[in-house]
Amino acid sequence: MELRYTLICLCFIVPLCSSDTSLDSNYVLEPYDFLFDTAVEAYYKGDWLTVILNMEKALRNKATVRNVKAQCRLSCANQTAFGDRLAGLGVPIPGAGSVEDLGFFQKILKRADCVNSCETEKLGSPTLHQVSEEVQLEFNKRTPYNYLQVAYFKINKLDKAVAAANTFFLANPDHMEMRQNLEYYRMMAGVREEDFKDLEARKHMAEFLLGKRYYSDDSFGLAAEHFEVAIEEYFTADKECRALCEGSYNYDGYNYMEYSADLFQTMTDHYMQVLNCKQHCAVELASTAGKDKPFEDFIPSHFNYLQFSYYNSEKYEKAIECAKTFLLFHPDDEVMNQNLAYYSAVLGEDKAQTISARQVVKQYIQQSILEKELLYFGYEAFGITFVDPDKWTPEDVMPKKLREKQKADRETAARITEEIGNLMKEIETLVEEKKKDSSDLAMMIAPQEGATLLPDNIKVTMTHMQLNGSQRVLLDGVITDDECRELQRLSNAAALKGDGYRGRPSPHSPSEMFQGVTVLKALKLGQEAKVPLKSARLFFDLSEKVKKTLESYFSLNTPLYFSYSHLVCRSAIDEKQEDREDLSHPVHVDNCLLVSEMNECIKEPPAYTHRDYSAILYLNDDFEGGDFIFTELDAKTVTAEVRPQCGRVVGFGAGKENPHGVRAVTKGQRCAVALWFTLDPAHEEKERIQAQDMLKMFSTPVNEEFMKKETTDTSTPEPPAQADQVKTDTKQDDKPAEQKPDATAAKPAASPKVKAEAKPVSKTTTGAKAKAAPKAKAKAGDQAKTKTADKAKPAAKKEGKQTVKTQAKQVDKKDAKPAAKKTVKVAAKKDSKKAQTDATSASQSQNGKEEL
């Protein structure tokens, strides 16, 4: 332990290393887990240069350790080959088997000494670079690149940030925050398509994929070049992979102290494990990030592509060579045999016979088959499991008894699967019959959707059937034209830009400005006479009317509670409409996280899982675009479309059965009241309760004695002290589902959660694409390129925790999600509550009463 820390201390005085294996014998390579921990610590301090230096060095040092171990083992294998007779042993003595054993073990000892000396000379103590499983897992998940993309973004190295983000995302395709970051990067000026690299791509795989791309474009000459390089790099990588399999024994779940095998059993166990690992190299090298399964028949497919590429390039000798090489793997392949016959006829049979398959492939197949035979022997003799990863293995390599056993097992499994399938069909039939009986009974007992009569002035325009879904309704005539105009005037007078979205004026689309106001804020502004108090009261009353209408239409047995109420307007930014293809509001679901690629919706935080119903009350139609749409879970297939107009309400269940969004507003201003409801009173909107209390306060009858005193007092009464207005520019406990805060805080051992302050729009087939129009982007970037990054950027987790003080009382925080919590500390006078109480004095109350 002391040696380890002494060596770590020495690491600080040595220069930066590379992944080259030719290291100075006096140089001590810093452990990459130590560098990783240092970088993570610097990340939480915001020291971006230290993050980059240490994390990049950790990645290089890890690669160096791997390369050194592979090269040392390959070099020592060449120096101490088992095929050579040891000097000094002379001619074997008949019956002296032990002498031959000594020769074998002498080779073992010499190779062990060679490997140990080589690794110690280049890497230091064998324990220095041993890392925990947790750290190894972080590197396997490519977590360092998550930290790097943030650090590079912070120092404005966009090309490196994009490459790091793409490298991480390829290995973590379900990471939603990184997906959003990449979409954001694509919209940024100066980011090129070639910046989206995979920094962890292996050479052979990169060349193979390039070859496939050229092959698909009918560029057969270029395709052949890349496939040839891919094959060469593959066999180099295969040697390294096999050498690295010769590591320590994995005790696989049981205590090594209890392992009590003898010498030869121990050797057998370890060697079988090594051979299994070497066979698995074929799977590892055929795998690439972003692809669920490895490429099938990876090596044979190279020669399949090559034979056809050379044929199209009229290089028949090469085509014949590659065809014959492919037939080493699949000698009975009918199509390839036909191709070979054709090439031979074109070139000439005599000349074709002189061309043979590639020697390196012959050796590869021979070695692989010998390994498989040993593994199958271990399977039969010791029960050591082996699953052959290759499709090309000759049938007779597997022992006959084992083949028969596997055949019987497959037949048994197929029979059981068939029986289970039949049983499941019977169960499904019974369940369907039961559901039918239950639904028939429910129709007799329970009221139907829309069965309850609505007020005469409200008309059901479309039911759930006409809207092609469930729990959906379109109502007209809910409010009058005058009420629509008054609420729209209230929005333009009271609404704040970016309200509910941390003040971001364009939270959903850079081509629109978003503004909003809540019921409580409207009433406070009415109290200050900044807006008509009757308009704020109208906002409150009409939202109550919508709630009661939904309760009635959907025949709910329990009352709805407001979860969040928002009077909002979306205005098109005229200079940003050219070539626009995004949505005004991306398709989403109100109570779960929509993963459109998988047709799933995950009902867990940070989604507002307590929401049960939603409604939108439209106030106008004098704008272009802005239609409301329902879609399938793929966020692309539109199932229904609604054109907003004054007094129209679209109501629907807030679950995954109703994904929805808003088409782009391309001209004018679109205003509406957005309402979310819950059946759980514990999640009732706190601002709504405060607003209700304020309205009760305005409506309280004036005290009689105070009235008498007011009439007899001839002097001019001093106006009551008004409570200082507290700027509560805070987020509500319950916010629109489109706002997606980080679900979890980043931890040193986990990936840093980074999110964009302005999220790019999801791609859909409804005429909406995530990428902003190039021309619009250029206009935005003409003034200053740096503003692009400041306008909307994937930011690291904010650190300062702040509290909120309101005029009347503290907002209850118990319902707020930890990940969504972000409050602003404001100065509130200690006597604000008292001042608000004083505001109910006679003249103020009388004026409020008359106005109401």
# chains A, B, ... in the order shown; residues from 1 in each chain; ligands from 1
$ closest_atom_pairs --of "range 184-300 of chain A" --to "range 353-363 of chain A" --cutoff "12 Å" --atoms "only C-alpha atoms" --output "CSV"
residue,atom,partner,partner_atom,distance
A:Ile231,CA,A:Val361,CA,9.9
A:Glu232,CA,A:Val360,CA,9.8
A:Tyr234,CA,A:Val361,CA,11.4
A:Phe235,CA,A:Val360,CA,8.6
A:Thr236,CA,A:Val360,CA,11.4
A:Ile299,CA,A:Val361,CA,9.3
A:Pro300,CA,A:Val361,CA,9.8
$ write_last_selection --atoms "all heavy atoms" --output "compact mmCIF listing (two decimals), in the first residue's frame"
# COMPACT_ATOMS: atom_id res chain seq x y z
N ILE A 231 -9.61 -6.13 -42.75
CA ILE A 231 -9.17 -7.50 -42.48
C ILE A 231 -7.81 -7.50 -41.79
O ILE A 231 -7.58 -8.22 -40.81
CB ILE A 231 -9.11 -8.31 -43.80
CG1 ILE A 231 -10.54 -8.59 -44.28
CG2 ILE A 231 -8.37 -9.62 -43.60
CD1 ILE A 231 -10.60 -9.19 -45.66
N GLU A 232 -6.91 -6.68 -42.31
CA GLU A 232 -5.56 -6.61 -41.71
C GLU A 232 -5.65 -6.14 -40.25
O GLU A 232 -5.01 -6.71 -39.36
CB GLU A 232 -4.71 -5.64 -42.53
CG GLU A 232 -3.27 -5.54 -42.07
CD GLU A 232 -2.44 -4.59 -42.91
OE1 GLU A 232 -2.92 -4.19 -43.99
OE2 GLU A 232 -1.33 -4.24 -42.48
N TYR A 234 -8.24 -6.36 -38.33
CA TYR A 234 -8.97 -7.35 -37.54
C TYR A 234 -8.02 -8.40 -36.96
O TYR A 234 -8.10 -8.72 -35.76
CB TYR A 234 -10.03 -8.04 -38.40
CG TYR A 234 -10.77 -9.12 -37.64
CD1 TYR A 234 -11.91 -8.83 -36.91
CD2 TYR A 234 -10.32 -10.44 -37.62
CE1 TYR A 234 -12.60 -9.81 -36.20
CE2 TYR A 234 -10.98 -11.43 -36.91
CZ TYR A 234 -12.12 -11.10 -36.21
OH TYR A 234 -12.78 -12.06 -35.49
N PHE A 235 -7.13 -8.94 -37.78
CA PHE A 235 -6.25 -9.99 -37.28
C PHE A 235 -5.24 -9.45 -36.26
O PHE A 235 -4.85 -10.16 -35.34
CB PHE A 235 -5.56 -10.69 -38.44
CG PHE A 235 -6.47 -11.61 -39.21
CD1 PHE A 235 -6.75 -11.39 -40.55
CD2 PHE A 235 -7.09 -12.68 -38.58
CE1 PHE A 235 -7.61 -12.22 -41.24
CE2 PHE A 235 -7.95 -13.53 -39.26
CZ PHE A 235 -8.21 -13.30 -40.60
N THR A 236 -4.87 -8.18 -36.41
CA THR A 236 -4.02 -7.55 -35.38
C THR A 236 -4.79 -7.43 -34.07
O THR A 236 -4.27 -7.76 -32.99
CB THR A 236 -3.57 -6.15 -35.85
OG1 THR A 236 -2.84 -6.27 -37.07
CG2 THR A 236 -2.71 -5.47 -34.80
N ILE A 299 -16.17 -12.13 -40.14
CA ILE A 299 -15.00 -12.31 -41.01
C ILE A 299 -15.41 -12.85 -42.39
O ILE A 299 -14.98 -12.31 -43.42
CB ILE A 299 -13.96 -13.22 -40.34
CG1 ILE A 299 -13.15 -12.41 -39.34
CG2 ILE A 299 -12.99 -13.81 -41.34
CD1 ILE A 299 -12.30 -11.33 -39.97
N PRO A 300 -16.24 -13.89 -42.48
CA PRO A 300 -16.66 -14.33 -43.81
C PRO A 300 -17.32 -13.23 -44.65
O PRO A 300 -17.15 -13.18 -45.86
CB PRO A 300 -17.64 -15.46 -43.51
CG PRO A 300 -17.22 -15.99 -42.18
CD PRO A 300 -16.76 -14.78 -41.43
$ residues_around --residues "range 488-500 of chain A" --least-positions-apart "5" --cutoff "6 Å" --atoms "only C-alpha atoms" --output "PDB file with N, CA and C atoms, in the first residue's frame"
ATOM      1  N   PRO A 505     -37.402  32.983 -22.917  1.00  0.00           N
ATOM      2  CA  PRO A 505     -38.504  33.470 -23.754  1.00  0.00           C
ATOM      3  C   PRO A 505     -38.899  32.499 -24.865  1.00  0.00           C
ATOM      4  N   PHE A 514     -42.561  32.953 -25.956  1.00  0.00           N
ATOM      5  CA  PHE A 514     -43.554  32.373 -25.052  1.00  0.00           C
ATOM      6  C   PHE A 514     -43.731  33.297 -23.851  1.00  0.00           C
ATOM      7  N   GLN A 515     -44.987  33.571 -23.477  1.00  0.00           N
ATOM      8  CA  GLN A 515     -45.260  34.363 -22.273  1.00  0.00           C
ATOM      9  C   GLN A 515     -46.438  33.746 -21.535  1.00  0.00           C
ATOM     10  N   GLY A 516     -46.450  33.911 -20.210  1.00  0.00           N
ATOM     11  CA  GLY A 516     -47.514  33.303 -19.426  1.00  0.00           C
ATOM     12  C   GLY A 516     -47.708  33.983 -18.084  1.00  0.00           C
ATOM     13  N   VAL A 517     -48.847  33.698 -17.456  1.00  0.00           N
ATOM     14  CA  VAL A 517     -49.136  34.229 -16.130  1.00  0.00           C
ATOM     15  C   VAL A 517     -50.033  33.225 -15.413  1.00  0.00           C
ATOM     16  N   LYS A 731     -40.549  29.177  -9.521  1.00  0.00           N
ATOM     17  CA  LYS A 731     -41.222  28.066 -10.193  1.00  0.00           C
ATOM     18  C   LYS A 731     -42.281  27.487  -9.281  1.00  0.00           C
TER      19      LYS A 731
END
$ select_by_dssp --residues "range 524-722 of chain A" --states "alpha helix (DSSP H)" --output "VMD selection string"
chain A and resid 524 to 527 533 to 553 686 to 699 704 to 712
$ atom_distance --atom1 "CA of Pro455 in chain A" --atom2 "CA of Tyr553 in chain A"
10.7 Å
$ closest_residue --among "A:Phe554, A:Tyr561, A:Phe540, A:Trp676" --to "Asn591 in chain A" --atoms "only C-alpha atoms"
A:Trp676
$ atom_distance --atom1 "CA of Gly190 in chain A" --atom2 "CA of Ile52 in chain A"
21.5 Å
$ residues_around --residues "range 200-212 of chain A" --least-positions-apart "3" --cutoff "7 Å" --atoms "only C-alpha atoms" --output "compact mmCIF listing (two decimals) with all heavy atoms, in the first residue's frame"
# COMPACT_ATOMS: atom_id res chain seq x y z
N THR A 167 -19.49 10.15 -28.74
CA THR A 167 -18.83 8.93 -28.28
C THR A 167 -19.57 8.33 -27.10
O THR A 167 -19.79 7.11 -27.03
CB THR A 167 -17.37 9.22 -27.89
OG1 THR A 167 -16.68 9.76 -29.03
CG2 THR A 167 -16.66 7.97 -27.42
N TYR A 215 -19.51 0.50 -50.61
CA TYR A 215 -20.13 -0.62 -51.32
C TYR A 215 -21.58 -0.29 -51.68
O TYR A 215 -22.05 -0.56 -52.78
CB TYR A 215 -20.06 -1.86 -50.44
CG TYR A 215 -20.55 -3.14 -51.08
CD1 TYR A 215 -19.69 -3.98 -51.78
CD2 TYR A 215 -21.89 -3.52 -50.96
CE1 TYR A 215 -20.14 -5.16 -52.35
CE2 TYR A 215 -22.35 -4.70 -51.53
CZ TYR A 215 -21.48 -5.51 -52.22
OH TYR A 215 -21.93 -6.67 -52.79
N SER A 216 -22.31 0.32 -50.72
CA SER A 216 -23.70 0.70 -50.97
C SER A 216 -23.82 1.77 -52.03
O SER A 216 -24.83 1.85 -52.73
CB SER A 216 -24.35 1.20 -49.66
OG SER A 216 -24.32 0.20 -48.68
N ALA A 223 -14.41 0.63 -51.81
CA ALA A 223 -14.91 -0.35 -50.85
C ALA A 223 -13.89 -1.45 -50.62
O ALA A 223 -13.61 -1.83 -49.48
CB ALA A 223 -16.23 -0.94 -51.35
N ALA A 224 -13.31 -1.96 -51.70
CA ALA A 224 -12.31 -3.04 -51.58
C ALA A 224 -11.11 -2.58 -50.77
O ALA A 224 -10.58 -3.34 -49.94
CB ALA A 224 -11.88 -3.50 -52.97
N HIS A 226 -10.97 -0.38 -48.35
CA HIS A 226 -11.29 -0.31 -46.92
C HIS A 226 -11.54 -1.70 -46.33
O HIS A 226 -11.17 -1.95 -45.17
CB HIS A 226 -12.52 0.58 -46.70
CG HIS A 226 -12.22 2.04 -46.86
ND1 HIS A 226 -11.53 2.77 -45.92
CD2 HIS A 226 -12.50 2.91 -47.88
CE1 HIS A 226 -11.41 4.02 -46.31
NE2 HIS A 226 -11.99 4.14 -47.50
N PHE A 227 -12.12 -2.61 -47.09
CA PHE A 227 -12.31 -3.98 -46.58
C PHE A 227 -10.97 -4.68 -46.37
O PHE A 227 -10.80 -5.43 -45.40
CB PHE A 227 -13.19 -4.79 -47.54
CG PHE A 227 -14.65 -4.45 -47.46
CD1 PHE A 227 -15.38 -4.16 -48.61
CD2 PHE A 227 -15.32 -4.40 -46.23
CE1 PHE A 227 -16.74 -3.85 -48.55
CE2 PHE A 227 -16.67 -4.09 -46.17
CZ PHE A 227 -17.38 -3.80 -47.33
N VAL A 229 -8.10 -3.21 -45.59
CA VAL A 229 -7.51 -2.64 -44.37
C VAL A 229 -8.23 -3.19 -43.15
O VAL A 229 -7.60 -3.50 -42.12
CB VAL A 229 -7.59 -1.10 -44.40
CG1 VAL A 229 -7.08 -0.51 -43.08
CG2 VAL A 229 -6.78 -0.54 -45.57
N ALA A 230 -9.54 -3.34 -43.25
CA ALA A 230 -10.32 -3.87 -42.13
C ALA A 230 -9.87 -5.28 -41.76
O ALA A 230 -9.75 -5.61 -40.56
CB ALA A 230 -11.81 -3.86 -42.47
N ILE A 231 -9.61 -6.13 -42.75
CA ILE A 231 -9.17 -7.50 -42.48
C ILE A 231 -7.81 -7.50 -41.79
O ILE A 231 -7.58 -8.22 -40.81
CB ILE A 231 -9.11 -8.31 -43.80
CG1 ILE A 231 -10.54 -8.59 -44.28
CG2 ILE A 231 -8.37 -9.62 -43.60
CD1 ILE A 231 -10.60 -9.19 -45.66
N GLU A 233 -6.45 -5.10 -40.01
CA GLU A 233 -6.59 -4.59 -38.65
C GLU A 233 -7.32 -5.59 -37.76
O GLU A 233 -7.05 -5.68 -36.56
CB GLU A 233 -7.35 -3.25 -38.66
CG GLU A 233 -6.60 -2.10 -39.32
CD GLU A 233 -5.38 -1.68 -38.52
OE1 GLU A 233 -5.29 -2.04 -37.33
OE2 GLU A 233 -4.51 -1.01 -39.10
N TYR A 234 -8.24 -6.36 -38.33
CA TYR A 234 -8.97 -7.35 -37.54
C TYR A 234 -8.02 -8.40 -36.96
O TYR A 234 -8.10 -8.72 -35.76
CB TYR A 234 -10.03 -8.04 -38.40
CG TYR A 234 -10.77 -9.12 -37.64
CD1 TYR A 234 -11.91 -8.83 -36.91
CD2 TYR A 234 -10.32 -10.44 -37.62
CE1 TYR A 234 -12.60 -9.81 -36.20
CE2 TYR A 234 -10.98 -11.43 -36.91
CZ TYR A 234 -12.12 -11.10 -36.21
OH TYR A 234 -12.78 -12.06 -35.49
$ closest_residue --among "A:Cys281, A:Tyr271, A:Val51, A:Cys76" --to "Leu109 in chain A" --atoms "only C-alpha atoms"
A:Cys76
$ atom_distance --atom1 "CA of Phe196 in chain A" --atom2 "CA of Asn140 in chain A"
19.8 Å
$ select_by_dssp --residues "range 523-647 of chain A" --states "strand (DSSP E or B)" --output "MDAnalysis selection string"
chainID A and resid 561:572 585:588 593:595 600:602 613:618 624:625 628:631 638:642
$ residues_around --residues "Gln466 in chain A" --least-positions-apart "5" --cutoff "10 Å" --atoms "only C-alpha atoms" --output "list of chain:residue names"
A:Thr461, A:Arg472, A:Val473, A:Leu474, A:Thr639, A:Ala640
$ write_last_selection --atoms "N, CA and C atoms" --output "short mmCIF file (atom, residue, chain, number, x, y, z; two decimals), in the first residue's frame"
data_model
loop_
_atom_site.label_atom_id
_atom_site.label_comp_id
_atom_site.auth_asym_id
_atom_site.auth_seq_id
_atom_site.Cartn_x
_atom_site.Cartn_y
_atom_site.Cartn_z
N THR A 461 -68.49 19.03 -29.83
CA THR A 461 -68.19 19.06 -31.27
C THR A 461 -67.65 17.73 -31.76
N ARG A 472 -60.93 11.58 -24.80
CA ARG A 472 -60.74 12.83 -25.53
C ARG A 472 -62.10 13.46 -25.82
N VAL A 473 -62.15 14.80 -25.83
CA VAL A 473 -63.39 15.48 -26.19
C VAL A 473 -63.04 16.88 -26.70
N LEU A 474 -63.85 17.36 -27.64
CA LEU A 474 -63.72 18.73 -28.15
C LEU A 474 -65.04 19.45 -27.91
N THR A 639 -53.13 11.35 -35.21
CA THR A 639 -54.44 10.69 -35.15
C THR A 639 -55.60 11.67 -35.19
N ALA A 640 -55.37 12.92 -34.77
CA ALA A 640 -56.43 13.94 -34.80
C ALA A 640 -55.78 15.32 -34.76
#
$ residues_around --residues "Gln71 in chain A" --least-positions-apart "6" --cutoff "12 Å" --atoms "only C-alpha atoms" --output "number ranges by chain"
A: 20-22, 64-65, 77-78, 114-115, 118-119, 122, 236-237, 239-244
$ write_last_selection --atoms "N, CA, C and O atoms" --output "short mmCIF file (atom, residue, chain, number, x, y, z; two decimals), in the first residue's frame"
data_model
loop_
_atom_site.label_atom_id
_atom_site.label_comp_id
_atom_site.auth_asym_id
_atom_site.auth_seq_id
_atom_site.Cartn_x
_atom_site.Cartn_y
_atom_site.Cartn_z
N ASP A 20 1.65 4.96 -26.33
CA ASP A 20 2.71 4.16 -26.93
C ASP A 20 3.29 3.21 -25.90
O ASP A 20 3.44 3.55 -24.73
N THR A 21 3.63 2.01 -26.34
CA THR A 21 4.14 1.02 -25.39
C THR A 21 5.63 1.17 -25.14
O THR A 21 6.17 0.54 -24.25
N SER A 22 6.32 2.00 -25.89
CA SER A 22 7.76 2.18 -25.70
C SER A 22 7.99 3.25 -24.65
O SER A 22 8.30 4.40 -24.95
N THR A 64 -2.81 2.73 -22.68
CA THR A 64 -1.40 2.33 -22.59
C THR A 64 -1.25 1.03 -21.81
O THR A 64 -0.50 0.13 -22.21
N VAL A 65 -1.95 0.93 -20.68
CA VAL A 65 -1.88 -0.30 -19.87
C VAL A 65 -2.34 -1.50 -20.70
O VAL A 65 -1.69 -2.56 -20.69
N ALA A 77 5.49 -14.72 -25.82
CA ALA A 77 5.04 -15.96 -26.46
C ALA A 77 5.97 -16.33 -27.61
O ALA A 77 6.28 -17.51 -27.83
N ASN A 78 6.46 -15.33 -28.33
CA ASN A 78 7.38 -15.59 -29.43
C ASN A 78 8.75 -16.04 -28.93
O ASN A 78 9.43 -16.85 -29.57
N CYS A 114 9.18 -13.64 -18.13
CA CYS A 114 9.29 -12.69 -19.23
C CYS A 114 8.15 -11.66 -19.18
O CYS A 114 8.39 -10.45 -19.27
N VAL A 115 6.91 -12.14 -19.02
CA VAL A 115 5.76 -11.24 -18.98
C VAL A 115 5.84 -10.31 -17.77
O VAL A 115 5.61 -9.11 -17.88
N CYS A 118 8.61 -7.66 -18.25
CA CYS A 118 8.21 -6.69 -19.27
C CYS A 118 7.19 -5.70 -18.73
O CYS A 118 7.34 -4.48 -18.89
N GLU A 119 6.15 -6.20 -18.05
CA GLU A 119 5.10 -5.32 -17.55
C GLU A 119 5.60 -4.44 -16.41
O GLU A 119 5.26 -3.26 -16.32
N LYS A 122 7.71 -1.53 -17.74
CA LYS A 122 6.98 -0.48 -18.46
C LYS A 122 5.84 0.14 -17.68
O LYS A 122 5.45 1.28 -17.95
N THR A 236 -4.87 -8.18 -36.41
CA THR A 236 -4.02 -7.55 -35.38
C THR A 236 -4.79 -7.43 -34.07
O THR A 236 -4.27 -7.76 -32.99
N ALA A 237 -6.03 -6.96 -34.16
CA ALA A 237 -6.86 -6.82 -32.96
C ALA A 237 -7.16 -8.17 -32.34
O ALA A 237 -7.24 -8.31 -31.11
N LYS A 239 -5.23 -10.86 -32.34
CA LYS A 239 -4.05 -11.31 -31.58
C LYS A 239 -3.98 -10.62 -30.22
O LYS A 239 -3.70 -11.26 -29.20
N GLU A 240 -4.25 -9.32 -30.20
CA GLU A 240 -4.21 -8.58 -28.93
C GLU A 240 -5.31 -9.06 -27.99
O GLU A 240 -5.08 -9.23 -26.79
N CYS A 241 -6.48 -9.27 -28.53
CA CYS A 241 -7.62 -9.75 -27.71
C CYS A 241 -7.30 -11.10 -27.09
O CYS A 241 -7.53 -11.33 -25.90
N ARG A 242 -6.74 -12.01 -27.88
CA ARG A 242 -6.40 -13.34 -27.38
C ARG A 242 -5.30 -13.25 -26.32
O ARG A 242 -5.34 -13.97 -25.31
N ALA A 243 -4.32 -12.37 -26.52
CA ALA A 243 -3.24 -12.23 -25.54
C ALA A 243 -3.78 -11.72 -24.21
O ALA A 243 -3.35 -12.16 -23.13
N LEU A 244 -4.72 -10.77 -24.27
CA LEU A 244 -5.29 -10.20 -23.05
C LEU A 244 -6.17 -11.19 -22.30
O LEU A 244 -6.48 -10.99 -21.13
#
$ residues_around --residues "His270 in chain A" --least-positions-apart "6" --cutoff "10 Å" --atoms "only C-alpha atoms" --output "ChimeraX atom specification"
/A:246-251,264,276
$ write_last_selection --atoms "C-alpha atoms" --output "mmCIF file, in the first residue's frame"
data_model
loop_
_atom_site.group_PDB
_atom_site.id
_atom_site.type_symbol
_atom_site.label_atom_id
_atom_site.label_comp_id
_atom_site.auth_asym_id
_atom_site.auth_seq_id
_atom_site.Cartn_x
_atom_site.Cartn_y
_atom_site.Cartn_z
ATOM 1 C CA GLU A 246 -4.286 -14.781 -20.578
ATOM 2 C CA GLY A 247 -4.974 -12.881 -17.372
ATOM 3 C CA SER A 248 -5.819 -13.930 -13.842
ATOM 4 C CA TYR A 249 -8.384 -16.636 -13.097
ATOM 5 C CA ASN A 250 -11.943 -15.458 -12.550
ATOM 6 C CA TYR A 251 -13.427 -17.395 -9.636
ATOM 7 C CA PHE A 264 -3.968 -30.313 -13.150
ATOM 8 C CA ASN A 276 -13.536 -19.481 -23.793
#
$ residues_around --residues "Leu454 in chain A" --least-positions-apart "4" --cutoff "9 Å" --atoms "only C-alpha atoms" --output "PyMOL selection string"
chain A and resi 450+458-460+549+552-553
$ write_last_selection --atoms "N, CA, C and O atoms" --output "PDB file, in the first residue's frame"
ATOM      1  N   GLY A 450     -69.752  11.438 -21.455  1.00  0.00           N
ATOM      2  CA  GLY A 450     -70.613  12.393 -22.135  1.00  0.00           C
ATOM      3  C   GLY A 450     -72.094  12.195 -21.866  1.00  0.00           C
ATOM      4  O   GLY A 450     -72.928  12.905 -22.430  1.00  0.00           O
ATOM      5  N   ILE A 458     -72.956  24.989 -24.175  1.00  0.00           N
ATOM      6  CA  ILE A 458     -71.748  24.202 -24.467  1.00  0.00           C
ATOM      7  C   ILE A 458     -72.127  23.046 -25.382  1.00  0.00           C
ATOM      8  O   ILE A 458     -73.030  22.266 -25.079  1.00  0.00           O
ATOM      9  N   LYS A 459     -71.394  22.925 -26.476  1.00  0.00           N
ATOM     10  CA  LYS A 459     -71.702  21.917 -27.491  1.00  0.00           C
ATOM     11  C   LYS A 459     -70.543  20.922 -27.602  1.00  0.00           C
ATOM     12  O   LYS A 459     -69.380  21.322 -27.635  1.00  0.00           O
ATOM     13  N   VAL A 460     -70.869  19.623 -27.638  1.00  0.00           N
ATOM     14  CA  VAL A 460     -69.857  18.592 -27.865  1.00  0.00           C
ATOM     15  C   VAL A 460     -69.637  18.503 -29.374  1.00  0.00           C
ATOM     16  O   VAL A 460     -70.476  17.978 -30.113  1.00  0.00           O
ATOM     17  N   THR A 549     -66.863  21.355 -16.135  1.00  0.00           N
ATOM     18  CA  THR A 549     -67.334  20.786 -17.404  1.00  0.00           C
ATOM     19  C   THR A 549     -66.693  19.430 -17.651  1.00  0.00           C
ATOM     20  O   THR A 549     -67.358  18.473 -18.076  1.00  0.00           O
ATOM     21  N   SER A 552     -68.098  16.793 -15.394  1.00  0.00           N
ATOM     22  CA  SER A 552     -69.432  16.391 -15.847  1.00  0.00           C
ATOM     23  C   SER A 552     -69.346  15.496 -17.074  1.00  0.00           C
ATOM     24  O   SER A 552     -69.979  14.440 -17.124  1.00  0.00           O
ATOM     25  N   TYR A 553     -68.553  15.902 -18.069  1.00  0.00           N
ATOM     26  CA  TYR A 553     -68.506  15.145 -19.322  1.00  0.00           C
ATOM     27  C   TYR A 553     -67.944  13.742 -19.106  1.00  0.00           C
ATOM     28  O   TYR A 553     -68.476  12.766 -19.632  1.00  0.00           O
TER      29      TYR A 553
END
$ closest_residue --among "A:Leu633, A:Cys245, A:Ala42, A:Leu35" --to "His280 in chain A" --atoms "only C-alpha atoms"
A:Cys245
